[in-house]
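**Q** Below is a structure I'd like to ask you about.
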Amino acid sequence: MKAKELKPMAAGRWESIIARLAPQLGQAIERLPHHVPCPVHGGVDGFRLFKDFNDTGGGVCNTCGIKHDGYTLLMWANGWDFKTTHSALQDVLLVRGGNITLPPVTTKPAVKKVKETDVEDIRDSLNHVWKDSVTLSSPEARPARRYFANRGITNVDYRKIDSKMIRFVPLLDYFEEDEKTGKHRSTGKYPAIVTMVCDANGRPSTIHRTYITPEGTKAPVQSPKKLMRHCAEDLFGAMQIAVIGKSKVLAVTEGIETALAVMSVFNVPAWAAGNAYLLENFAPPKGVDVVIYADKDQPSKQHPDGHGQSSAKLLLKRLWTEGIKASIKLPDSEIPHGKKSVDWHDVVSGVIQAPTKKTVAR
């Protein structure tokens, strides 16, 4: 049976289907349509299911993007390919196992279209934040420079940082979701480092915010690092914090601080993807070789090699397939006891012993 035949059968039943095939989404189903931690990369409140989830199977992660229907949601949440997902849905919907029971559908629901995001409203919000920002070298941006220094990044050449991509806002509202109403409300104002996130075509799509204190420490809030809503189909671009100039090599990392740390020591322009999932889907500009400064993460059931290493290898393989020269650099040091990972920011800032240079290439 084809997907176009299965989808009408699943409409009105996605809640029970997803609960069975992706139990890790159970919290999101229970709290629908409120935000919960992302089932793929964690966090605090970055993921939610759509209000019409039972009809469409769709949801959205503020970082990973929109999953328009149950197929894409299952593929993303479980790491399945289309064939595996389609087979699993057939098993459930056609009751192949004999013991699968779905709640009856009293009326045949109309499959609702996912509402298009109000792009203009999002752009207004993004522009409102950006217009209040100043360059990192500005006297007003001293808290940002203190923050980087406190994080062990002391050799930043601000001339090599793209002032159109990473800036500072002296005071920015911090929003949290109200547990009862599900609405977001401001709980205070804090200094913030703001970084433009571009899509795969290099077009601005959203803003990453790092809330800090005037003294240069992380702000005392639940989630100091947050993405705003985005106005692109995907976020598979990067935070283009460095000016590439005439360089033939571009480094890519997961985090912003890691990118700055790499720039300060290895004298190479660096962009930040945002996390392991986005690193895996990173789309570099034309004409550069790519060096992936990967995070070394603890292994997990979903990622036996560690999420950072796994994503870096997948990116490496794809880039070579596309004719782009690429290599991976991993910290040599073992992950310290009690830590989930080690990255190049840890190396540069002296949290762990600096490794010897080692390149893993295809």
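Quick note on naming: the chains in the structure tokens go A, B, ... in the order shown, residues restart at 1 in each chain, and ligands are numbered from 1 in order of appearance.
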Do a neighbour search on Met9 (chain A) at 9 Å with only C-alpha atoms, toss out local chain neighbours closer than 3 positions, and write the hits as a list in words.
**A**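 That gives Glu5, Leu6, Gly12, Arg13, Leu93 and Lys108 of chain A.
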**Q** Hey, what does DSSP flag as helix (DSSP H, G or I) within region 42-269 of chain A? Can you give it to me as number ranges by chain?
**A** A: 53-56, 70-78, 82-93, 119-131, 139-150, 158-160, 256-266
**Q** So how many Å separate CA of Val342 (chain A) and CA of Cys64 (chain A), to one decimal?
**A**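 Value for the CA of Val342 (chain A)-CA of Cys64 (chain A) distance: 22.3 Å.
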**Q** Taking only C-alpha atoms into account, produce a table as a Markdown table in which each residue of region 241-318 of chain A with an atom at most 7 Å from an atom of region 156-169 of chain A appears once, together with its shortest atom pair and the distance in Å to one decimal, ordered by chain and rising number.
**A**
```
| residue | atom | partner | partner_atom | distance |
| --- | --- | --- | --- | --- |
| A:Ile241 | CA | A:Asp162 | CA | 5.4 |
| A:Ala242 | CA | A:Ile161 | CA | 4.5 |
| A:Val243 | CA | A:Asp162 | CA | 5.3 |
| A:Ser264 | CA | A:Val156 | CA | 5.3 |
```
**Q** Write out the residues from the selection above, keeping C-alpha atoms, as a CSV table (one decimal), in the first residue's frame.
**A**
```
chain,number,residue,atom,x,y,z
A,241,ILE,CA,30.1,34.2,12.6
A,242,ALA,CA,33.4,34.4,10.7
A,243,VAL,CA,34.3,36.3,7.6
A,264,SER,CA,41.3,31.9,18.2
```
**Q** Go through region 132-198 of chain A and collect every residue that DSSP, computed from the backbone, puts in strand (DSSP E or B); the answer should be as a PyMOL selection string.
**A** chain A and resi 134+161+166-177+184-198
**Q** Looking at A:Lys2, A:Lys325, A:Ile193, A:Gln222, which one is nearest to Lys83 (chain A), with distances taken over only C-alpha atoms?
**A**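 Of all the options, A:Lys2 lies closest to Lys83 (chain A).
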**Q** For the interface of region 186-278 of chain A with region 290-296 of chain A (cut-off 6 Å, counting only C-alpha atoms), please tabulate each contacting residue of region 186-278 of chain A alongside its nearest pair of atoms and their separation in Å to one decimal, rows sorted by chain and increasing number, as a tab-separated table.
**A**
```
residue	atom	partner	partner_atom	distance
A:Val249	CA	A:Val290	CA	5.8
A:Leu250	CA	A:Val290	CA	5.0
A:Ala251	CA	A:Val291	CA	4.7
A:Val252	CA	A:Ile292	CA	5.1
A:Thr253	CA	A:Tyr293	CA	5.3
```
